[in-house]
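Participant: This is work_1.cif (mmCIF, C-alpha atoms).
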```cif
data_work
#
loop_
_atom_site.group_PDB
_atom_site.id
_atom_site.type_symbol
_atom_site.label_atom_id
_atom_site.label_comp_id
_atom_site.auth_asym_id
_atom_site.auth_seq_id
_atom_site.Cartn_x
_atom_site.Cartn_y
_atom_site.Cartn_z
ATOM 1 C CA MET A 20 123.989 118.149 71.271
ATOM 2 C CA ARG A 21 123.526 116.573 67.853
ATOM 3 C CA GLU A 22 120.584 114.256 67.353
ATOM 4 C CA ILE A 23 120.770 110.694 66.046
ATOM 5 C CA ASN A 24 118.364 108.621 64.021
ATOM 6 C CA MET A 25 117.069 107.112 67.201
ATOM 7 C CA GLU A 26 113.505 107.898 68.066
ATOM 8 C CA THR A 27 110.954 106.689 70.522
ATOM 9 C CA THR A 28 107.213 106.900 70.971
ATOM 10 C CA LEU A 29 105.694 109.921 72.670
ATOM 11 C CA PHE A 30 102.700 109.231 74.903
ATOM 12 C CA ASN A 31 100.162 111.376 76.704
ATOM 13 C CA LEU A 32 99.057 110.780 80.292
ATOM 14 C CA LEU A 33 96.202 108.602 79.051
ATOM 15 C CA GLY A 34 98.750 106.159 77.725
ATOM 16 C CA LYS A 35 97.942 106.898 74.091
ATOM 17 C CA GLU A 36 100.577 107.399 71.413
ATOM 18 C CA VAL A 37 100.671 111.009 70.210
ATOM 19 C CA GLY A 38 103.759 110.947 68.016
ATOM 20 C CA LYS A 39 107.475 110.276 67.871
ATOM 21 C CA ILE A 40 110.427 112.100 69.394
ATOM 22 C CA ASN A 41 114.062 112.120 68.305
ATOM 23 C CA LEU A 42 116.526 111.379 71.061
ATOM 24 C CA PRO A 43 119.897 113.088 71.607
ATOM 25 C CA VAL A 44 123.122 111.169 71.149
ATOM 26 C CA MET A 45 123.472 110.688 74.917
ATOM 27 C CA PHE A 46 120.962 107.840 74.691
ATOM 28 C CA GLU A 47 123.461 105.856 72.618
ATOM 29 C CA THR A 48 126.392 106.100 75.034
ATOM 30 C CA LYS A 49 128.448 102.924 75.319
ATOM 31 C CA VAL A 50 128.052 101.492 78.813
ATOM 32 C CA SER A 51 131.038 100.926 81.120
ATOM 33 C CA ARG A 52 129.853 99.056 84.193
ATOM 34 C CA SER A 53 133.098 99.755 86.045
ATOM 35 C CA LEU A 54 132.633 103.514 85.602
ATOM 36 C CA ILE A 55 128.996 103.351 86.700
ATOM 37 C CA HIS A 56 130.029 101.325 89.755
ATOM 38 C CA GLU A 57 132.703 103.878 90.654
ATOM 39 C CA VAL A 58 130.324 106.821 90.362
ATOM 40 C CA VAL A 59 127.417 105.182 92.204
ATOM 41 C CA THR A 60 129.701 103.939 94.987
ATOM 42 C CA GLY A 61 131.101 107.452 95.339
ATOM 43 C CA PHE A 62 127.613 108.956 95.388
ATOM 44 C CA LEU A 63 126.452 106.601 98.154
ATOM 45 C CA ALA A 64 129.620 107.211 100.158
ATOM 46 C CA ASN A 65 129.029 110.954 99.957
ATOM 47 C CA GLN A 66 125.589 110.517 101.505
ATOM 48 C CA ARG A 67 127.119 109.207 104.733
ATOM 49 C CA SER A 68 127.407 111.705 107.567
ATOM 50 C CA GLY A 69 130.299 109.954 109.320
ATOM 51 C CA THR A 70 129.097 111.079 112.755
ATOM 52 C CA HIS A 71 129.087 107.639 114.421
ATOM 53 C CA SER A 72 131.175 107.671 117.567
ATOM 54 C CA THR A 73 132.124 105.630 120.641
ATOM 55 C CA LYS A 74 133.941 106.715 123.794
ATOM 56 C CA THR A 75 137.470 105.704 124.667
ATOM 57 C CA ARG A 76 138.560 105.036 128.242
ATOM 58 C CA GLY A 77 139.561 108.678 128.496
ATOM 59 C CA GLU A 78 136.017 109.838 127.710
ATOM 60 C CA VAL A 79 133.767 107.589 129.790
ATOM 61 C CA SER A 80 132.694 108.703 133.254
ATOM 62 C CA GLY A 81 134.210 107.345 136.446
ATOM 63 C CA GLY A 82 137.748 106.197 137.107
ATOM 64 C CA GLY A 83 138.494 108.544 139.933
ATOM 65 C CA ALA A 84 139.154 105.813 142.487
ATOM 66 C CA LYS A 85 140.565 102.312 142.421
ATOM 67 C CA PRO A 86 137.614 99.878 142.055
ATOM 68 C CA TYR A 87 138.803 97.612 144.850
ATOM 69 C CA LYS A 88 141.960 97.052 146.868
ATOM 70 C CA GLN A 89 145.083 95.737 145.213
ATOM 71 C CA LYS A 90 145.370 92.471 147.126
ATOM 72 C CA GLY A 91 143.250 89.982 148.943
ATOM 73 C CA THR A 92 140.163 89.874 146.701
ATOM 74 C CA GLY A 93 141.308 87.171 144.300
ATOM 75 C CA ASN A 94 140.578 89.473 141.367
ATOM 76 C CA ALA A 95 142.999 90.867 138.852
ATOM 77 C CA ARG A 96 144.591 94.185 139.738
ATOM 78 C CA ARG A 97 142.448 97.112 138.610
ATOM 79 C CA GLY A 98 143.473 100.707 138.557
ATOM 80 C CA SER A 99 140.335 102.116 136.941
ATOM 81 C CA ASN A 100 136.765 101.125 136.174
ATOM 82 C CA ARG A 101 137.138 102.897 132.824
ATOM 83 C CA SER A 102 139.223 100.036 131.466
ATOM 84 C CA PRO A 103 137.860 98.632 128.183
ATOM 85 C CA ILE A 104 137.481 95.178 129.719
ATOM 86 C CA MET A 105 135.268 96.496 132.507
ATOM 87 C CA ARG A 106 131.500 96.870 132.200
ATOM 88 C CA LYS A 107 130.688 100.431 131.053
ATOM 89 C CA GLY A 108 134.356 100.992 130.304
ATOM 90 C CA GLY A 109 135.830 102.575 127.195
ATOM 91 C CA ILE A 110 135.635 100.997 123.737
ATOM 92 C CA ILE A 111 138.743 99.659 122.030
ATOM 93 C CA PHE A 112 139.095 100.664 118.361
ATOM 94 C CA GLY A 113 135.444 101.737 118.160
ATOM 95 C CA PRO A 114 134.093 103.901 115.324
ATOM 96 C CA ARG A 115 135.093 107.548 115.427
ATOM 97 C CA PRO A 116 133.741 110.512 113.432
ATOM 98 C CA HIS A 117 135.350 110.763 110.013
ATOM 99 C CA GLY A 118 134.431 111.632 106.461
ATOM 100 C CA TYR A 119 133.634 109.155 103.703
ATOM 101 C CA ARG A 120 133.681 111.662 100.861
ATOM 102 C CA GLN A 121 134.965 110.532 97.486
ATOM 103 C CA ASN A 122 135.794 113.067 94.798
ATOM 104 C CA ILE A 123 134.261 112.003 91.490
ATOM 105 C CA SER A 124 134.944 114.291 88.534
ATOM 106 C CA GLN A 125 132.114 116.028 86.718
ATOM 107 C CA THR A 126 133.061 114.224 83.511
ATOM 108 C CA LYS A 127 132.695 110.800 85.134
ATOM 109 C CA ARG A 128 129.402 111.743 86.766
ATOM 110 C CA SER A 129 128.030 112.970 83.455
ATOM 111 C CA LEU A 130 129.183 109.889 81.569
ATOM 112 C CA ALA A 131 127.653 107.603 84.188
ATOM 113 C CA LEU A 132 124.325 109.421 83.855
ATOM 114 C CA TRP A 133 124.327 109.064 80.074
ATOM 115 C CA MET A 134 125.268 105.409 80.358
ATOM 116 C CA ALA A 135 122.463 104.735 82.817
ATOM 117 C CA LEU A 136 119.940 106.486 80.566
ATOM 118 C CA SER A 137 121.184 104.572 77.525
ATOM 119 C CA GLU A 138 120.846 101.266 79.349
ATOM 120 C CA LYS A 139 117.317 102.093 80.529
ATOM 121 C CA MET A 140 116.250 103.136 77.028
ATOM 122 C CA LYS A 141 117.756 99.998 75.553
ATOM 123 C CA ASN A 142 115.826 97.855 78.042
ATOM 124 C CA GLY A 143 112.531 99.616 77.317
ATOM 125 C CA SER A 144 112.346 101.116 80.795
ATOM 126 C CA VAL A 145 111.873 104.713 79.640
ATOM 127 C CA VAL A 146 108.477 106.219 78.836
ATOM 128 C CA VAL A 147 108.410 109.664 77.241
ATOM 129 C CA VAL A 148 105.227 111.650 77.944
ATOM 130 C CA ASP A 149 104.223 114.985 76.480
ATOM 131 C CA GLU A 150 103.739 116.509 79.939
ATOM 132 C CA LEU A 151 103.693 115.707 83.645
ATOM 133 C CA SER A 152 100.951 117.786 85.210
ATOM 134 C CA ILE A 153 97.497 117.300 86.722
ATOM 135 C CA ASP A 154 94.703 119.767 87.477
ATOM 136 C CA GLN A 155 94.057 118.535 91.035
ATOM 137 C CA PRO A 156 96.452 117.271 93.731
ATOM 138 C CA LYS A 157 94.792 113.870 94.088
ATOM 139 C CA THR A 158 96.605 110.590 94.581
ATOM 140 C CA LYS A 159 93.973 108.851 92.463
ATOM 141 C CA LYS A 160 95.056 110.853 89.413
ATOM 142 C CA ILE A 161 98.672 109.727 89.844
ATOM 143 C CA SER A 162 97.526 106.131 90.195
ATOM 144 C CA GLU A 163 95.572 106.474 86.953
ATOM 145 C CA ILE A 164 98.646 107.851 85.163
ATOM 146 C CA LEU A 165 100.784 104.933 86.359
ATOM 147 C CA SER A 166 98.107 102.507 85.217
ATOM 148 C CA ASN A 167 97.729 104.182 81.813
ATOM 149 C CA LEU A 168 101.477 104.122 81.210
ATOM 150 C CA LYS A 169 101.835 100.563 82.552
ATOM 151 C CA ALA A 170 104.593 101.823 84.828
ATOM 152 C CA GLY A 171 104.013 99.220 87.525
ATOM 153 C CA ASN A 172 103.977 99.990 91.229
ATOM 154 C CA LYS A 173 107.629 99.770 92.202
ATOM 155 C CA ASN A 174 110.627 102.104 91.794
ATOM 156 C CA ILE A 175 109.090 104.665 89.437
ATOM 157 C CA LEU A 176 110.870 107.926 88.681
ATOM 158 C CA PHE A 177 109.161 110.992 87.201
ATOM 159 C CA VAL A 178 111.601 113.411 85.557
ATOM 160 C CA ALA A 179 110.491 116.833 84.342
ATOM 161 C CA ASP A 180 111.962 120.280 83.774
ATOM 162 C CA ILE A 181 109.907 121.594 86.708
ATOM 163 C CA ILE A 182 107.986 119.367 89.100
ATOM 164 C CA ASP A 183 104.284 120.192 88.941
ATOM 165 C CA LYS A 184 103.012 121.306 92.352
ATOM 166 C CA ASN A 185 99.876 119.177 92.135
ATOM 167 C CA ILE A 186 101.876 116.085 91.190
ATOM 168 C CA LYS A 187 104.298 116.723 94.035
ATOM 169 C CA THR A 188 101.417 116.831 96.515
ATOM 170 C CA ALA A 189 99.517 113.885 95.044
ATOM 171 C CA ALA A 190 102.590 111.635 94.857
ATOM 172 C CA ARG A 191 103.311 111.790 98.586
ATOM 173 C CA ASN A 192 101.087 108.827 99.359
ATOM 174 C CA ILE A 193 102.453 106.567 96.638
ATOM 175 C CA LYS A 194 105.232 104.350 97.878
ATOM 176 C CA GLY A 195 108.023 103.726 95.399
ATOM 177 C CA LEU A 196 107.387 106.860 93.331
ATOM 178 C CA GLU A 197 110.098 109.522 93.231
ATOM 179 C CA LEU A 198 110.145 112.919 91.497
ATOM 180 C CA GLU A 199 113.225 114.700 90.176
ATOM 181 C CA GLN A 200 114.064 117.722 88.073
ATOM 182 C CA ALA A 201 116.194 117.070 85.001
ATOM 183 C CA ALA A 202 118.767 119.632 86.102
ATOM 184 C CA SER A 203 119.677 117.557 89.175
ATOM 185 C CA LEU A 204 119.129 113.999 87.911
ATOM 186 C CA ASN A 205 121.988 111.583 88.637
ATOM 187 C CA SER A 206 122.967 108.071 87.588
ATOM 188 C CA TYR A 207 122.030 106.464 90.913
ATOM 189 C CA GLN A 208 118.422 107.669 90.598
ATOM 190 C CA VAL A 209 118.197 106.377 87.020
ATOM 191 C CA LEU A 210 119.563 102.962 87.978
ATOM 192 C CA TRP A 211 117.226 102.791 90.979
ATOM 193 C CA ALA A 212 114.163 103.231 88.776
ATOM 194 C CA ARG A 213 112.475 100.251 87.189
ATOM 195 C CA LYS A 214 110.450 102.655 85.066
ATOM 196 C CA LEU A 215 111.549 106.168 84.100
ATOM 197 C CA VAL A 216 108.805 108.573 83.006
ATOM 198 C CA ILE A 217 110.293 111.659 81.379
ATOM 199 C CA THR A 218 109.125 114.674 79.377
ATOM 200 C CA PRO A 219 110.618 116.107 76.155
ATOM 201 C CA LYS A 220 111.569 119.303 78.014
ATOM 202 C CA ALA A 221 113.473 117.228 80.562
ATOM 203 C CA ILE A 222 115.301 115.438 77.748
ATOM 204 C CA GLU A 223 116.205 118.821 76.271
ATOM 205 C CA ILE A 224 117.634 119.957 79.619
ATOM 206 C CA LEU A 225 119.632 116.740 79.921
ATOM 207 C CA SER A 226 120.918 117.259 76.411
ATOM 208 C CA ASN A 227 121.983 120.812 77.254
ATOM 209 C CA ARG A 228 123.653 119.524 80.415
ATOM 210 C CA ALA A 229 125.575 117.038 78.319
ATOM 211 C CA GLY A 230 126.755 119.800 76.006
ATOM 212 C CA SER A 231 127.784 122.264 78.711
ATOM 213 C CA GLU A 232 129.473 119.646 80.903
ATOM 214 C CA GLY A 233 131.306 118.189 77.929
ATOM 215 C CA ASN A 234 132.786 121.588 77.102
ATOM 216 C CA GLU A 235 134.197 122.192 80.575
#
```
Please, can you express the file's structure as structure tokens?

Facilitator:
Amino acid sequence: MREINMETTLFNLLGKEVGKINLPVMFETKVSRSLIHEVVTGFLANQRSGTHSTKTRGEVSGGGAKPYKQKGTGNARRGSNRSPIMRKGGIIFGPRPHGYRQNISQTKRSLALWMALSEKMKNGSVVVVDELSIDQPKTKKISEILSNLKAGNKNILFVADIIDKNIKTAARNIKGLELEQAASLNSYQVLWARKLVITPKAIEILSNRAGSEGNE
């Protein structure tokens, strides 16, 4: 991917500026909200298992004998207690197992990711740090990083080339903090995040993804 004259500040985990970094052209992608909506809707639909199910009158138990005699009771005629209008009877037009999968092309998914990243960068919601690693798996260290970077305490996404084992362990107790590798990042995760903390290596991987996916 070619680079543009767009650069941003590079921070360390203490929140101090350590330089500048040039960003790939993907961070200047023109945003199409309709495309992002299509891709995100498809992504969420594909997360559904579609296993919800109810029983029809042919599947509920019972029904072997007539509930009561045909005449003389003052009730309507009943041939089975499995009727949908009977208590514990079958369900009319209830949900049945089926798939919700939507096929979204790789090109659209890639474009939506670039658009989401561009929008986040434009809004100042992206913080680029020189590394994402800690020497001890302690939640306190993660809290200090979030404080140093002024990342807030809600919907924070760490993106790196490889997720540091200590960070993965320490982040378990922090609600609203998610970790993701750059190779599997998607537009929904980017849009979910109020603050995106990313490393230069992760940006490089995303840039390479953009190049390889664009050539397919």

Participant: Which residue, A:Thr48, A:Asn142, A:Ser102, A:Ser72, has the smallest gap to Leu130 (chain A) when you use only C-alpha atoms?

Facilitator: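 The shortest atom-to-atom distance to Leu130 (chain A) comes from A:Thr48.
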
Participant: Could you list, as a ChimeraX atom specification, every residue matched by the PyMOL selection byres ((chain A and resi 123) around 9) in this structure?

Facilitator: /A:57-58,61-62,121-122,124-128

Participant: Kindly indicate which residue among A:Ala131, A:Lys85, A:Glu223, A:Val178 lies nearest to Ser53 (chain A), using all atoms listed in the file for the distances.

Facilitator: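 Closest residue, counting all atoms listed in the file: A:Ala131.
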
Participant: Which residue, A:Arg97, A:Lys88, A:Lys74, A:Lys139, has the smallest gap to Ile111 (chain A) when you use only C-alpha atoms?

Facilitator: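 That would be A:Lys74, the residue with the smallest distance to Ile111 (chain A).
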
Participant: Name the residues that the PyMOL selection byres ((chain A and resi 101) around 8) picks from the file above, as an NGL selection string, using the file's chain letters and numbers.

Facilitator: :A and (76-77 or 79-82 or 99-100 or 102-103 or 105 or 107-109)

Participant: Please identify all polymer residues within 6 Å of Ala170 (chain A), counting all atoms listed in the file, omitting same-chain residues fewer than 2 positions from it, and present them as a list of chain:residue names.

Facilitator: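 The neighbour list is A:Leu165, A:Leu168, A:Lys214.
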
Participant: Give the answer as one residue: which of A:Thr158, A:Ser206, A:Ser226, A:Asn94 has the shortest atom-to-atom distance to Asn41 (chain A), using all atoms listed in the file?

Facilitator: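 Of A:Thr158, A:Ser206, A:Ser226, A:Asn94, the one nearest Asn41 (chain A), counting all atoms listed in the file, is A:Ser226.
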
Participant: Rank A:Asn192, A:Asn227, A:Asn167, A:Thr70 by their smallest atom-to-atom distance to Met45 (chain A), using all atoms listed in the file, and report the top residue only.

Facilitator: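 Using all atoms listed in the file, the shortest distance to Met45 (chain A) belongs to A:Asn227.
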
Participant: Give me the result of the PyMOL selection byres ((chain A and resi 38) around 10) on this file, residue by residue, as a ChimeraX atom specification.

Facilitator: /A:27-31,35-37,39-40,149

Participant: Give me, as number ranges by chain, all polymer residues having an atom no more than 9 Å from Asn172 (chain A), counting all atoms listed in the file and skipping those fewer than 4 positions away in the same chain.

Facilitator: A: 162, 165-166, 193-196

Participant: Report, in Å to a single decimal, how far apart CA of Pro114 (chain A) and CA of Arg96 (chain A) are.

Facilitator: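 Result for CA of Arg96 (chain A) versus CA of Pro114 (chain A): 28.3 Å, one decimal.
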
Participant: Would you mind telling me which residue in A:Arg115, A:Gln155, A:Val146, A:Leu136 lies nearest to Ile55 (chain A) when using all atoms listed in the file?

Facilitator: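 Answer, going by the shortest atom-to-atom distance: A:Leu136.
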
Participant: As an exercise, work out the distance from CA of Gly118 (chain A) to CA of His71 (chain A) in Å and give it to one decimal place.

Facilitator: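 Rounded to one decimal, the two atoms are 10.4 Å apart.
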
Participant: Which residues, written as a PDB file with C-alpha atoms, keeping the file's coordinate frame, have at least one atom at most 8 Å from Trp211 (chain A), with only C-alpha atoms counted and residues fewer than 3 positions away on the same chain left out?

Facilitator:
```
ATOM      1  CA  ASN A 174     110.627 102.104  91.794  1.00  0.00           C
ATOM      2  CA  TYR A 207     122.030 106.464  90.913  1.00  0.00           C
ATOM      3  CA  GLN A 208     118.422 107.669  90.598  1.00  0.00           C
TER       4      GLN A 208
END
```

Participant: Please indicate the distance in Å from CA of Gly83 (chain A) to CA of Gly98 (chain A), rounded to one decimal place.

Facilitator: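 Spanning CA of Gly83 (chain A) to CA of Gly98 (chain A) is a straight-line distance of 9.4 Å.
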
Participant: I'd like the neighbourhood of Ile181 (chain A) as a VMD selection string, where a residue qualifies if any of its atoms comes within 10 Å (using all atoms listed in the file), though same-chain residues fewer than 4 positions away should be ignored.

Facilitator: chain A and resid 151 to 152 198 to 202 220 to 221

Participant: Please return, as a count of residues only, all polymer residues that have at least one atom within 8 Å of the point (104.2, 112.3, 84.3); use all atoms listed in the file and the file's own coordinate frame.

Facilitator: 12
